[in-house]
Structure formats: C-alpha cells, structure tokens
Amino acid sequence: MTVRAVPSTENPVDDRRPIVIDCDPGQDDAVALLLAMAAPKELDLLGITTVAGNVPLEKTQRNARIICDLAERQDMPVFAGCERPLKREPITAENVHGDEGIDGMEIFEPETPLHSRDAVDFIVDTLKSADEESVTLVPTGPLTNVATAIERDRSILGGIREIVLMGGAMREGGNRSPSAEFNVLVDPHAADVVFNCGRPVVAMGLDVTHQVLASPERVKNIRALGNPVARAVAGMLGFFERFDKSKYGSEGAPLHDPCTVAYLLEPALFKGKDVNVSVECDSELTVGHTAVDFWHVTDRPINTRWMYDVDVDGFFELLIDRLNRYDRRQYRGDVQDRRDPE
Ligand code: RIB
Ligand code: CA
C-alpha cells in the first residue's frame with residue numbers, strides 16, 4: 001500500500017503542488033491521471049473527482065478507479081459527481097472513446113473504492129479548508145462539478161491557486177459541432193461560470209492539443225517501455241486515434257487532457273497569451289463556442305491564459321520519462337496478466 005505524504009496544505013516543508021483532477025475518463029483523461037501519479041515529488045494529488053462526459057458517470061467513475069488500480073494507487077480518493085450538465089441535455093462521445101470510455105485496455109472491476117462522498121462536496125470542503133490560493137484545479141472534462149461547487153459556495157474561490165483546464169477552441173473550430181469543443185459544448189453554462197469565476201484560468205484548447213499527436217512511432221516508443229502501465233497506455237492510444245485519423249487525417253490521437261498536467265510539470269513547454277474567453281450559451285447554431293479575444297478587439301476583461309503553441313517533442317520526452325517510472329515490479333496487477341498466477 002502506498003503511503004501518502006502529508007498534504008502540502010498541512011506540512012509547510014512539503015513544497016509539492018496540491019491538485020484535484022476533475023475528469024471524464026476517456027483515454028486521454030487516463031493518460032493525464034497516470035502522468036500526474038508519476039510525479040509524486042512535484043504534485044500532491046489530493047483526490048480525483050469524476051463527471052459525466054465522454055461516457056456516463058457510472059463509467060467515468062469506474063474508469064478513474066481502474067486507472068488507479070493500474071497505477072497501484074488503490075489509496076487514491078475517487079469521487080463521483082454530477083451525472084448531467086447544469087441545464088442542457090447530456091451528450092456523450094462513445095463514437096470517439098468506445099462504449100466503455102477507455103477502450104483499448106482490458107476493462108475490469110477495480111479494487112480502488114469509490115468514495116462515499118459526492119465529488120462536489122469534496123471540492124467544496126477541500127477548497128474551504130485549504131490555505132489561501134493553494135490548490136490547483138485540473139478539469140479535463142465538462143466543467144459541471146467545478147461550476148456547481150463555485151455556485152454552491154463562492155467562498156471556495158479563495159482556496160484556488162489556478163484552474164488549468166482542457167477545453168475550448170479558437171482557430172481549430174469545433175470537434176463535436178462546427179464551432180464547439182466537446183467539454184464546453186456538453187456544459188456551456190458551467191464553462192461560463194468557470195471562465196468568469198475571477199481566479200486564474202489556463203486553458204488548453206484544441207489549438208494546442210491538436211498539435212500533440214500520438215503518432216505510431218511515439219506509441220511504439222511508449223509500448224517499448226514494457227511496464228503494464230505503458231502497455232495499457234499504448235493500447236488505449238491505439239484505439240483512441242481512429243476517430244481523429246478518419247476525421248482530420250491526423251497521424252495519431254491528440255493528447256488533449258495530458259497537456260494540463262504537462263503544463264504543471266514543465267510550463268515552459270507551452271506558449272500562451274492573456275485574453276478574454278467568453279462562452280456562447282444560447283444560440284443553437286453556435287452553443288458551446290469559446291469566443292477567444294486573442295487580438296483584444298473588445299473591452300472584455302482578461303480572464304484566461306489561452307495556450308496556442310507547444311514543444312511537442314518536449315511533451316513526449318516528459319511523457320515517456322514519467323511512464324517509464326512505472327516499474328514492472330511495482331505493479332503486480334497487470335491487466336493482461338491479472339488472471340495469471342504470480
Ligand atoms: O474535446 C476533447 C475533450 O473532450 C477531452 O477532454 C476528451 O477527454 C473529452 O472529454
Ligand atoms: Ca476528458
């Protein structure tokens with residue numbers, strides 16, 4: 001059993017960055033979780049909260065727990081949150097991620113338990129008890145949980161250092177509708193709350209995530225690491241790539257969500273600009289569109305650092321290095337060998 005260090009909000013000598021990842025696994029969410037759990041000296045992952053998105057909530061929460069098993073972090077608190085958007089009808093993305101959401105790796109009933117508390121309660125309580133501006137929220141799915149927490153108790157904003165999210169699009173256009181990226185389209189009302197909450201937001205939109213493509217060569221290098229985690233990641237990316245290859249002709253799966261964690265570990269990999277991002281919530285034609293005022297042509301207030309460029313080779317060097325830290329010996333529950341005797 002992995003012994004967790006005292007969270008940095010309680011132990012002044014602990015300079016790890018306390019974070020909460022709010023996600024909808026999703027193969028790319030899974031890679032973001034595994035990247036974060038391979039950085040125990042830099043990041044203190046206080047908990048994983050899950051939300052309905054790529055697949056319904058009962059699968060996103062199960063998938064997060066499967067990933068914790070894979071990382072041998074059965075101690076990780078995993079919470080289930082909102083099962084539908086604030087106002088709109090739910091939409092999902094099985095056409096991209098498969099019926100199970102993390103297709104490409106073996107699905108099993110995880111040992112990591114689902115925490116009895118609701119994800120929104122965990123977010124509220126964590127931020128209320130945290131030191132001033134100490135906790136980084138890392139949303140990689142629809143923003144329903146985070147927005148619900150903020151609307152329930154705005155005093156939690158004082159505990160937020162930064163919100164580093166995956167969502168939105170500018171030059172890339174939409175990936176689910178002609179003008180909207182999936183996470184924002186699912187819950188535009190929640191995205192509006194988060195972008196305008198008054199705390200620093202760093203946004204990894206499609207303009208940057210579509211540069212981070214897991215090409216066959218890169219997937220081969222990941223698989224060649226040989227440990228069960230790397231093999232599972234290679235399997236997931238091999239499945240996840242087919243949608244983008246057929247739609248965009250791209251050379252591999254875009255690693256949307258891991259861009260958030262990579263930014264926390266090596267911010268110099270990315271280039272961004274401080275802008276206003278506003279979310280269309282009403283027009284049926286463009287609902288979920290993120291209007292990014294990149295050239296400051298309006299007097300709308302700056303509310304986001306919008307990322308637009310990334311050192312792709314540097315990103316994959318980071319990912320390979322971290323996945324390589326999952327050791328064959330460390331993980332005994334290899335998903336392919338789970339049924340084989342020791
Ligand atoms: O549009 C891409 C985003 O939607 C990613 O976070 C993916 O996991 C899905 O949630
Ligand atoms: Ca996601």
# chains A, B, ... in the order shown; residues from 1 in each chain; ligands from 1

$ closest_atom_pairs --of "chain A" --to "ligand 1" --cutoff "10 Å" --atoms "only C-alpha atoms and all ligand atoms" --output "CSV"
residue,atom,partner,partner_atom_place_in_ligand_line,distance
A:Cys23,CA,ligand 1,10 (O),7.5
A:Asp24,CA,ligand 1,10 (O),5.9
A:Pro25,CA,ligand 1,8 (O),6.4
A:Gly26,CA,ligand 1,8 (O),4.9
A:Gln27,CA,ligand 1,8 (O),6.7
A:Asp28,CA,ligand 1,8 (O),5.3
A:Asp29,CA,ligand 1,8 (O),5.4
A:Ala30,CA,ligand 1,8 (O),8.6
A:Val31,CA,ligand 1,8 (O),9.9
A:Ala32,CA,ligand 1,8 (O),9.7
A:Val51,CA,ligand 1,10 (O),9.8
A:Ala52,CA,ligand 1,10 (O),9.2
A:Gly53,CA,ligand 1,10 (O),6.0
A:Asn54,CA,ligand 1,10 (O),5.4
A:Val55,CA,ligand 1,10 (O),9.0
A:Thr92,CA,ligand 1,10 (O),9.0
A:Ala93,CA,ligand 1,9 (C),7.6
A:Val96,CA,ligand 1,9 (C),8.8
A:His97,CA,ligand 1,8 (O),8.2
A:Gly101,CA,ligand 1,8 (O),9.2
A:Ile102,CA,ligand 1,8 (O),9.9
A:Pro139,CA,ligand 1,6 (O),8.4
A:Thr140,CA,ligand 1,6 (O),4.8
A:Gly141,CA,ligand 1,10 (O),4.4
A:Pro142,CA,ligand 1,10 (O),6.7
A:Leu165,CA,ligand 1,6 (O),8.8
A:Met166,CA,ligand 1,6 (O),5.9
A:Gly167,CA,ligand 1,3 (C),6.4
A:Gly168,CA,ligand 1,1 (O),7.6
A:Ala169,CA,ligand 1,1 (O),8.8
A:Gly174,CA,ligand 1,1 (O),8.3
A:Asn175,CA,ligand 1,1 (O),6.3
A:Arg176,CA,ligand 1,1 (O),7.5
A:Ala180,CA,ligand 1,1 (O),8.7
A:Glu181,CA,ligand 1,1 (O),5.0
A:Phe182,CA,ligand 1,1 (O),4.3
A:Asn183,CA,ligand 1,4 (O),4.8
A:Val184,CA,ligand 1,1 (O),8.1
A:Leu185,CA,ligand 1,1 (O),9.0
A:Val186,CA,ligand 1,4 (O),9.0
A:Met204,CA,ligand 1,6 (O),9.7
A:Gly205,CA,ligand 1,1 (O),8.1
A:Leu206,CA,ligand 1,1 (O),7.0
A:Thr209,CA,ligand 1,2 (C),8.5
A:His210,CA,ligand 1,2 (C),9.5
A:Pro254,CA,ligand 1,2 (C),8.6
A:Leu255,CA,ligand 1,5 (C),8.2
A:His256,CA,ligand 1,5 (C),5.5
A:Asp257,CA,ligand 1,6 (O),5.2
A:Pro258,CA,ligand 1,6 (O),9.0

$ select_by_dssp --residues "segment 199-284 of chain A" --states "alpha helix (DSSP H)" --output "PDB file with N, CA, C and O atoms, in the first residue's frame"
ATOM      1  N   LEU A 206      -8.272  23.199 -28.246  1.00  0.00           N
ATOM      2  CA  LEU A 206      -7.885  22.327 -29.361  1.00  0.00           C
ATOM      3  C   LEU A 206      -6.732  22.916 -30.166  1.00  0.00           C
ATOM      4  O   LEU A 206      -5.972  22.181 -30.812  1.00  0.00           O
ATOM      5  N   ASP A 207      -6.585  24.249 -30.116  1.00  0.00           N
ATOM      6  CA  ASP A 207      -5.500  24.872 -30.884  1.00  0.00           C
ATOM      7  C   ASP A 207      -4.141  24.344 -30.457  1.00  0.00           C
ATOM      8  O   ASP A 207      -3.213  24.261 -31.259  1.00  0.00           O
ATOM      9  N   VAL A 208      -4.011  23.995 -29.185  1.00  0.00           N
ATOM     10  CA  VAL A 208      -2.732  23.432 -28.743  1.00  0.00           C
ATOM     11  C   VAL A 208      -2.803  21.906 -28.670  1.00  0.00           C
ATOM     12  O   VAL A 208      -1.865  21.212 -29.073  1.00  0.00           O
ATOM     13  N   THR A 209      -3.930  21.345 -28.262  1.00  0.00           N
ATOM     14  CA  THR A 209      -3.958  19.881 -28.076  1.00  0.00           C
ATOM     15  C   THR A 209      -3.926  19.131 -29.401  1.00  0.00           C
ATOM     16  O   THR A 209      -3.442  18.003 -29.471  1.00  0.00           O
ATOM     17  N   PRO A 216       2.215   6.819 -34.649  1.00  0.00           N
ATOM     18  CA  PRO A 216       2.569   5.402 -34.485  1.00  0.00           C
ATOM     19  C   PRO A 216       3.967   5.219 -33.888  1.00  0.00           C
ATOM     20  O   PRO A 216       4.175   4.371 -33.034  1.00  0.00           O
ATOM     21  N   GLU A 217       4.897   6.045 -34.283  1.00  0.00           N
ATOM     22  CA  GLU A 217       6.276   5.962 -33.750  1.00  0.00           C
ATOM     23  C   GLU A 217       6.281   6.246 -32.247  1.00  0.00           C
ATOM     24  O   GLU A 217       6.924   5.531 -31.462  1.00  0.00           O
ATOM     25  N   ARG A 218       5.532   7.257 -31.868  1.00  0.00           N
ATOM     26  CA  ARG A 218       5.512   7.614 -30.440  1.00  0.00           C
ATOM     27  C   ARG A 218       4.793   6.543 -29.619  1.00  0.00           C
ATOM     28  O   ARG A 218       5.200   6.211 -28.511  1.00  0.00           O
ATOM     29  N   VAL A 219       3.718   5.983 -30.173  1.00  0.00           N
ATOM     30  CA  VAL A 219       3.015   4.894 -29.469  1.00  0.00           C
ATOM     31  C   VAL A 219       3.927   3.673 -29.350  1.00  0.00           C
ATOM     32  O   VAL A 219       3.971   3.015 -28.300  1.00  0.00           O
ATOM     33  N   LYS A 220       4.700   3.427 -30.396  1.00  0.00           N
ATOM     34  CA  LYS A 220       5.659   2.294 -30.354  1.00  0.00           C
ATOM     35  C   LYS A 220       6.680   2.516 -29.245  1.00  0.00           C
ATOM     36  O   LYS A 220       6.999   1.608 -28.485  1.00  0.00           O
ATOM     37  N   ASN A 221       7.151   3.736 -29.106  1.00  0.00           N
ATOM     38  CA  ASN A 221       8.140   4.039 -28.055  1.00  0.00           C
ATOM     39  C   ASN A 221       7.525   3.878 -26.661  1.00  0.00           C
ATOM     40  O   ASN A 221       8.192   3.426 -25.730  1.00  0.00           O
ATOM     41  N   ILE A 222       6.258   4.230 -26.554  1.00  0.00           N
ATOM     42  CA  ILE A 222       5.579   4.058 -25.259  1.00  0.00           C
ATOM     43  C   ILE A 222       5.448   2.564 -24.951  1.00  0.00           C
ATOM     44  O   ILE A 222       5.795   2.112 -23.858  1.00  0.00           O
ATOM     45  N   ARG A 223       4.988   1.813 -25.955  1.00  0.00           N
ATOM     46  CA  ARG A 223       4.800   0.357 -25.715  1.00  0.00           C
ATOM     47  C   ARG A 223       6.140  -0.299 -25.369  1.00  0.00           C
ATOM     48  O   ARG A 223       6.229  -1.179 -24.515  1.00  0.00           O
ATOM     49  N   PRO A 228       3.443  -2.538 -17.359  1.00  0.00           N
ATOM     50  CA  PRO A 228       1.995  -2.694 -17.621  1.00  0.00           C
ATOM     51  C   PRO A 228       1.280  -1.371 -17.882  1.00  0.00           C
ATOM     52  O   PRO A 228       0.368  -1.300 -18.698  1.00  0.00           O
ATOM     53  N   VAL A 229       1.729  -0.299 -17.206  1.00  0.00           N
ATOM     54  CA  VAL A 229       1.071   0.996 -17.405  1.00  0.00           C
ATOM     55  C   VAL A 229       1.326   1.474 -18.832  1.00  0.00           C
ATOM     56  O   VAL A 229       0.397   1.876 -19.554  1.00  0.00           O
ATOM     57  N   ALA A 230       2.569   1.417 -19.270  1.00  0.00           N
ATOM     58  CA  ALA A 230       2.903   1.885 -20.625  1.00  0.00           C
ATOM     59  C   ALA A 230       2.180   1.044 -21.672  1.00  0.00           C
ATOM     60  O   ALA A 230       1.685   1.575 -22.682  1.00  0.00           O
ATOM     61  N   ARG A 231       2.081  -0.262 -21.428  1.00  0.00           N
ATOM     62  CA  ARG A 231       1.406  -1.125 -22.399  1.00  0.00           C
ATOM     63  C   ARG A 231      -0.084  -0.786 -22.474  1.00  0.00           C
ATOM     64  O   ARG A 231      -0.677  -0.734 -23.545  1.00  0.00           O
ATOM     65  N   ALA A 232      -0.682  -0.482 -21.321  1.00  0.00           N
ATOM     66  CA  ALA A 232      -2.105  -0.097 -21.322  1.00  0.00           C
ATOM     67  C   ALA A 232      -2.304   1.237 -22.046  1.00  0.00           C
ATOM     68  O   ALA A 232      -3.250   1.411 -22.817  1.00  0.00           O
ATOM     69  N   VAL A 233      -1.388   2.184 -21.805  1.00  0.00           N
ATOM     70  CA  VAL A 233      -1.482   3.485 -22.489  1.00  0.00           C
ATOM     71  C   VAL A 233      -1.376   3.290 -24.000  1.00  0.00           C
ATOM     72  O   VAL A 233      -2.165   3.836 -24.766  1.00  0.00           O
ATOM     73  N   ALA A 234      -0.429   2.467 -24.439  1.00  0.00           N
ATOM     74  CA  ALA A 234      -0.269   2.223 -25.882  1.00  0.00           C
ATOM     75  C   ALA A 234      -1.540   1.608 -26.459  1.00  0.00           C
ATOM     76  O   ALA A 234      -2.004   1.995 -27.547  1.00  0.00           O
ATOM     77  N   GLY A 235      -2.135   0.703 -25.711  1.00  0.00           N
ATOM     78  CA  GLY A 235      -3.386   0.090 -26.186  1.00  0.00           C
ATOM     79  C   GLY A 235      -4.513   1.096 -26.298  1.00  0.00           C
ATOM     80  O   GLY A 235      -5.240   1.132 -27.296  1.00  0.00           O
ATOM     81  N   MET A 236      -4.635   1.961 -25.291  1.00  0.00           N
ATOM     82  CA  MET A 236      -5.698   2.987 -25.318  1.00  0.00           C
ATOM     83  C   MET A 236      -5.479   3.964 -26.471  1.00  0.00           C
ATOM     84  O   MET A 236      -6.414   4.318 -27.180  1.00  0.00           O
ATOM     85  N   LEU A 237      -4.239   4.398 -26.669  1.00  0.00           N
ATOM     86  CA  LEU A 237      -3.974   5.373 -27.743  1.00  0.00           C
ATOM     87  C   LEU A 237      -4.192   4.738 -29.105  1.00  0.00           C
ATOM     88  O   LEU A 237      -4.661   5.375 -30.044  1.00  0.00           O
ATOM     89  N   GLY A 238      -3.901   3.441 -29.227  1.00  0.00           N
ATOM     90  CA  GLY A 238      -4.129   2.737 -30.492  1.00  0.00           C
ATOM     91  C   GLY A 238      -5.604   2.697 -30.851  1.00  0.00           C
ATOM     92  O   GLY A 238      -5.978   2.764 -32.024  1.00  0.00           O
ATOM     93  N   PHE A 239      -6.461   2.660 -29.806  1.00  0.00           N
ATOM     94  CA  PHE A 239      -7.909   2.691 -30.058  1.00  0.00           C
ATOM     95  C   PHE A 239      -8.371   4.118 -30.314  1.00  0.00           C
ATOM     96  O   PHE A 239      -9.077   4.409 -31.278  1.00  0.00           O
ATOM     97  N   PHE A 240      -7.909   5.028 -29.467  1.00  0.00           N
ATOM     98  CA  PHE A 240      -8.405   6.408 -29.398  1.00  0.00           C
ATOM     99  C   PHE A 240      -8.083   7.184 -30.675  1.00  0.00           C
ATOM    100  O   PHE A 240      -8.761   8.121 -31.050  1.00  0.00           O
ATOM    101  N   GLU A 241      -7.040   6.714 -31.431  1.00  0.00           N
ATOM    102  CA  GLU A 241      -6.567   7.520 -32.570  1.00  0.00           C
ATOM    103  C   GLU A 241      -7.517   7.434 -33.768  1.00  0.00           C
ATOM    104  O   GLU A 241      -7.537   8.314 -34.615  1.00  0.00           O
ATOM    105  N   ARG A 242      -8.333   6.386 -33.823  1.00  0.00           N
ATOM    106  CA  ARG A 242      -9.025   6.120 -35.102  1.00  0.00           C
ATOM    107  C   ARG A 242      -9.993   7.225 -35.450  1.00  0.00           C
ATOM    108  O   ARG A 242     -10.163   7.584 -36.607  1.00  0.00           O
ATOM    109  N   PHE A 243     -10.631   7.865 -34.424  1.00  0.00           N
ATOM    110  CA  PHE A 243     -11.622   8.915 -34.712  1.00  0.00           C
ATOM    111  C   PHE A 243     -10.943  10.107 -35.388  1.00  0.00           C
ATOM    112  O   PHE A 243     -11.373  10.585 -36.433  1.00  0.00           O
ATOM    113  N   ASP A 244      -9.858  10.568 -34.797  1.00  0.00           N
ATOM    114  CA  ASP A 244      -9.188  11.759 -35.330  1.00  0.00           C
ATOM    115  C   ASP A 244      -8.490  11.469 -36.657  1.00  0.00           C
ATOM    116  O   ASP A 244      -8.411  12.324 -37.518  1.00  0.00           O
ATOM    117  N   LYS A 245      -8.006  10.232 -36.800  1.00  0.00           N
ATOM    118  CA  LYS A 245      -7.359   9.898 -38.082  1.00  0.00           C
ATOM    119  C   LYS A 245      -8.384   9.947 -39.206  1.00  0.00           C
ATOM    120  O   LYS A 245      -8.148  10.515 -40.264  1.00  0.00           O
ATOM    121  N   SER A 246      -9.588   9.416 -38.946  1.00  0.00           N
ATOM    122  CA  SER A 246     -10.598   9.385 -40.023  1.00  0.00           C
ATOM    123  C   SER A 246     -11.183  10.778 -40.252  1.00  0.00           C
ATOM    124  O   SER A 246     -11.492  11.167 -41.371  1.00  0.00           O
ATOM    125  N   LYS A 247     -11.294  11.581 -39.152  1.00  0.00           N
ATOM    126  CA  LYS A 247     -11.939  12.901 -39.295  1.00  0.00           C
ATOM    127  C   LYS A 247     -10.966  13.936 -39.852  1.00  0.00           C
ATOM    128  O   LYS A 247     -11.285  14.708 -40.751  1.00  0.00           O
ATOM    129  N   TYR A 248      -9.762  13.953 -39.296  1.00  0.00           N
ATOM    130  CA  TYR A 248      -8.800  15.010 -39.651  1.00  0.00           C
ATOM    131  C   TYR A 248      -7.660  14.495 -40.530  1.00  0.00           C
ATOM    132  O   TYR A 248      -6.844  15.263 -41.000  1.00  0.00           O
ATOM    133  N   PRO A 258      -3.688  15.338 -21.145  1.00  0.00           N
ATOM    134  CA  PRO A 258      -2.359  15.357 -20.523  1.00  0.00           C
ATOM    135  C   PRO A 258      -1.640  16.701 -20.673  1.00  0.00           C
ATOM    136  O   PRO A 258      -0.698  16.981 -19.918  1.00  0.00           O
ATOM    137  N   CYS A 259      -2.085  17.545 -21.590  1.00  0.00           N
ATOM    138  CA  CYS A 259      -1.461  18.884 -21.722  1.00  0.00           C
ATOM    139  C   CYS A 259      -1.587  19.673 -20.415  1.00  0.00           C
ATOM    140  O   CYS A 259      -0.703  20.459 -20.064  1.00  0.00           O
ATOM    141  N   THR A 260      -2.674  19.450 -19.682  1.00  0.00           N
ATOM    142  CA  THR A 260      -2.857  20.181 -18.412  1.00  0.00           C
ATOM    143  C   THR A 260      -1.786  19.803 -17.405  1.00  0.00           C
ATOM    144  O   THR A 260      -1.141  20.675 -16.803  1.00  0.00           O
ATOM    145  N   VAL A 261      -1.561  18.509 -17.229  1.00  0.00           N
ATOM    146  CA  VAL A 261      -0.574  18.041 -16.241  1.00  0.00           C
ATOM    147  C   VAL A 261       0.841  18.352 -16.719  1.00  0.00           C
ATOM    148  O   VAL A 261       1.707  18.764 -15.932  1.00  0.00           O
ATOM    149  N   ALA A 262       1.075  18.229 -18.028  1.00  0.00           N
ATOM    150  CA  ALA A 262       2.408  18.568 -18.566  1.00  0.00           C
ATOM    151  C   ALA A 262       2.727  20.033 -18.277  1.00  0.00           C
ATOM    152  O   ALA A 262       3.860  20.397 -17.953  1.00  0.00           O
ATOM    153  N   TYR A 263       1.709  20.892 -18.365  1.00  0.00           N
ATOM    154  CA  TYR A 263       1.908  22.318 -18.068  1.00  0.00           C
ATOM    155  C   TYR A 263       2.326  22.509 -16.606  1.00  0.00           C
ATOM    156  O   TYR A 263       3.195  23.333 -16.303  1.00  0.00           O
ATOM    157  N   LEU A 264       1.715  21.753 -15.711  1.00  0.00           N
ATOM    158  CA  LEU A 264       2.065  21.878 -14.288  1.00  0.00           C
ATOM    159  C   LEU A 264       3.507  21.434 -14.032  1.00  0.00           C
ATOM    160  O   LEU A 264       4.211  21.987 -13.189  1.00  0.00           O
ATOM    161  N   LEU A 265       3.937  20.417 -14.793  1.00  0.00           N
ATOM    162  CA  LEU A 265       5.286  19.889 -14.576  1.00  0.00           C
ATOM    163  C   LEU A 265       6.349  20.686 -15.316  1.00  0.00           C
ATOM    164  O   LEU A 265       7.444  20.901 -14.781  1.00  0.00           O
TER     165      LEU A 265
END

$ residues_around --residues "Thr49 of chain A" --least-positions-apart "3" --cutoff "7 Å" --atoms "only C-alpha atoms" --output "list in words"
Ile21, Asp22, Cys23, Val78, Phe79, Ala80, Gly81 and Ala119 of chain A

$ write_last_selection --atoms "C-alpha atoms" --output "PDB file, in the first residue's frame"
ATOM      1  CA  ILE A  21      -8.132  16.395 -11.159  1.00  0.00           C
ATOM      2  CA  ASP A  22     -11.775  16.532 -12.280  1.00  0.00           C
ATOM      3  CA  CYS A  23     -12.216  14.216 -15.231  1.00  0.00           C
ATOM      4  CA  VAL A  78     -12.018   8.850  -6.126  1.00  0.00           C
ATOM      5  CA  PHE A  79     -15.369  10.628  -6.081  1.00  0.00           C
ATOM      6  CA  ALA A  80     -18.403  10.628  -8.367  1.00  0.00           C
ATOM      7  CA  GLY A  81     -20.028  13.983  -9.117  1.00  0.00           C
ATOM      8  CA  ALA A 119     -17.370  14.950  -5.733  1.00  0.00           C
TER       9      ALA A 119
END

$ residues_around --residues "Asp69 of chain A" --least-positions-apart "6" --cutoff "7 Å" --atoms "only C-alpha atoms" --output "PDB file with N, CA and C atoms, in the first residue's frame"
ATOM      1  N   PRO A 110     -12.568  -2.598 -10.597  1.00  0.00           N
ATOM      2  CA  PRO A 110     -11.376  -2.155  -9.871  1.00  0.00           C
ATOM      3  C   PRO A 110     -11.450  -2.394  -8.374  1.00  0.00           C
ATOM      4  N   GLU A 111     -10.264  -2.536  -7.749  1.00  0.00           N
ATOM      5  CA  GLU A 111     -10.179  -2.639  -6.295  1.00  0.00           C
ATOM      6  C   GLU A 111     -10.294  -1.257  -5.640  1.00  0.00           C
ATOM      7  N   THR A 112      -9.791  -0.230  -6.331  1.00  0.00           N
ATOM      8  CA  THR A 112      -9.877   1.128  -5.773  1.00  0.00           C
ATOM      9  C   THR A 112     -11.339   1.455  -5.489  1.00  0.00           C
TER      10      THR A 112
END

$ residues_around --residues "segment 147-164 of chain A" --least-positions-apart "4" --cutoff "8 Å" --atoms "only C-alpha atoms" --output "ChimeraX atom specification"
/A:86,120-121,123-124,127-139,143,190-191,193-194,197,199-204,260

$ atom_distance --atom1 "atom CA of Gly226 of chain A" --atom2 "atom CA of Gly314 of chain A"
21.1 Å

$ select_by_dssp --residues "segment 10-244 of chain A" --states "strand (DSSP E or B)" --output "PyMOL selection string"
chain A and resi 17-23+43-50+78-80+118+135-139+160-166+177+180+201-204+213-214

$ closest_residue --among "A:Glu42, A:Thr50, A:Leu114, A:Asp99" --to "ligand 2" --atoms "only C-alpha atoms and all ligand atoms"
A:Thr50

$ closest_residue --among "A:Leu57, A:Leu269, A:Ile67, A:Leu318" --to "Met37 of chain A" --atoms "only C-alpha atoms"
A:Ile67

$ closest_residue --among "A:Glu100, A:Leu45, A:Lys87, A:Asn196" --to "Arg73 of chain A" --atoms "only C-alpha atoms"
A:Leu45

$ atom_distance --atom1 "atom CA of Ile302 of chain A" --atom2 "atom CA of Asp274 of chain A"
6.3 Å

$ closest_residue --among "A:Ser215, A:Thr60, A:Ser278, A:Ser283" --to "ligand 2" --atoms "only C-alpha atoms and all ligand atoms"
A:Thr60

$ closest_residue --among "A:Pro188, A:Asp313, A:Asn63, A:Asn227" --to "ligand 2" --atoms "only C-alpha atoms and all ligand atoms"
A:Asn63

$ closest_residue --among "A:Leu33, A:Phe316, A:Val20, A:Arg62" --to "ligand 2" --atoms "only C-alpha atoms and all ligand atoms"
A:Leu33
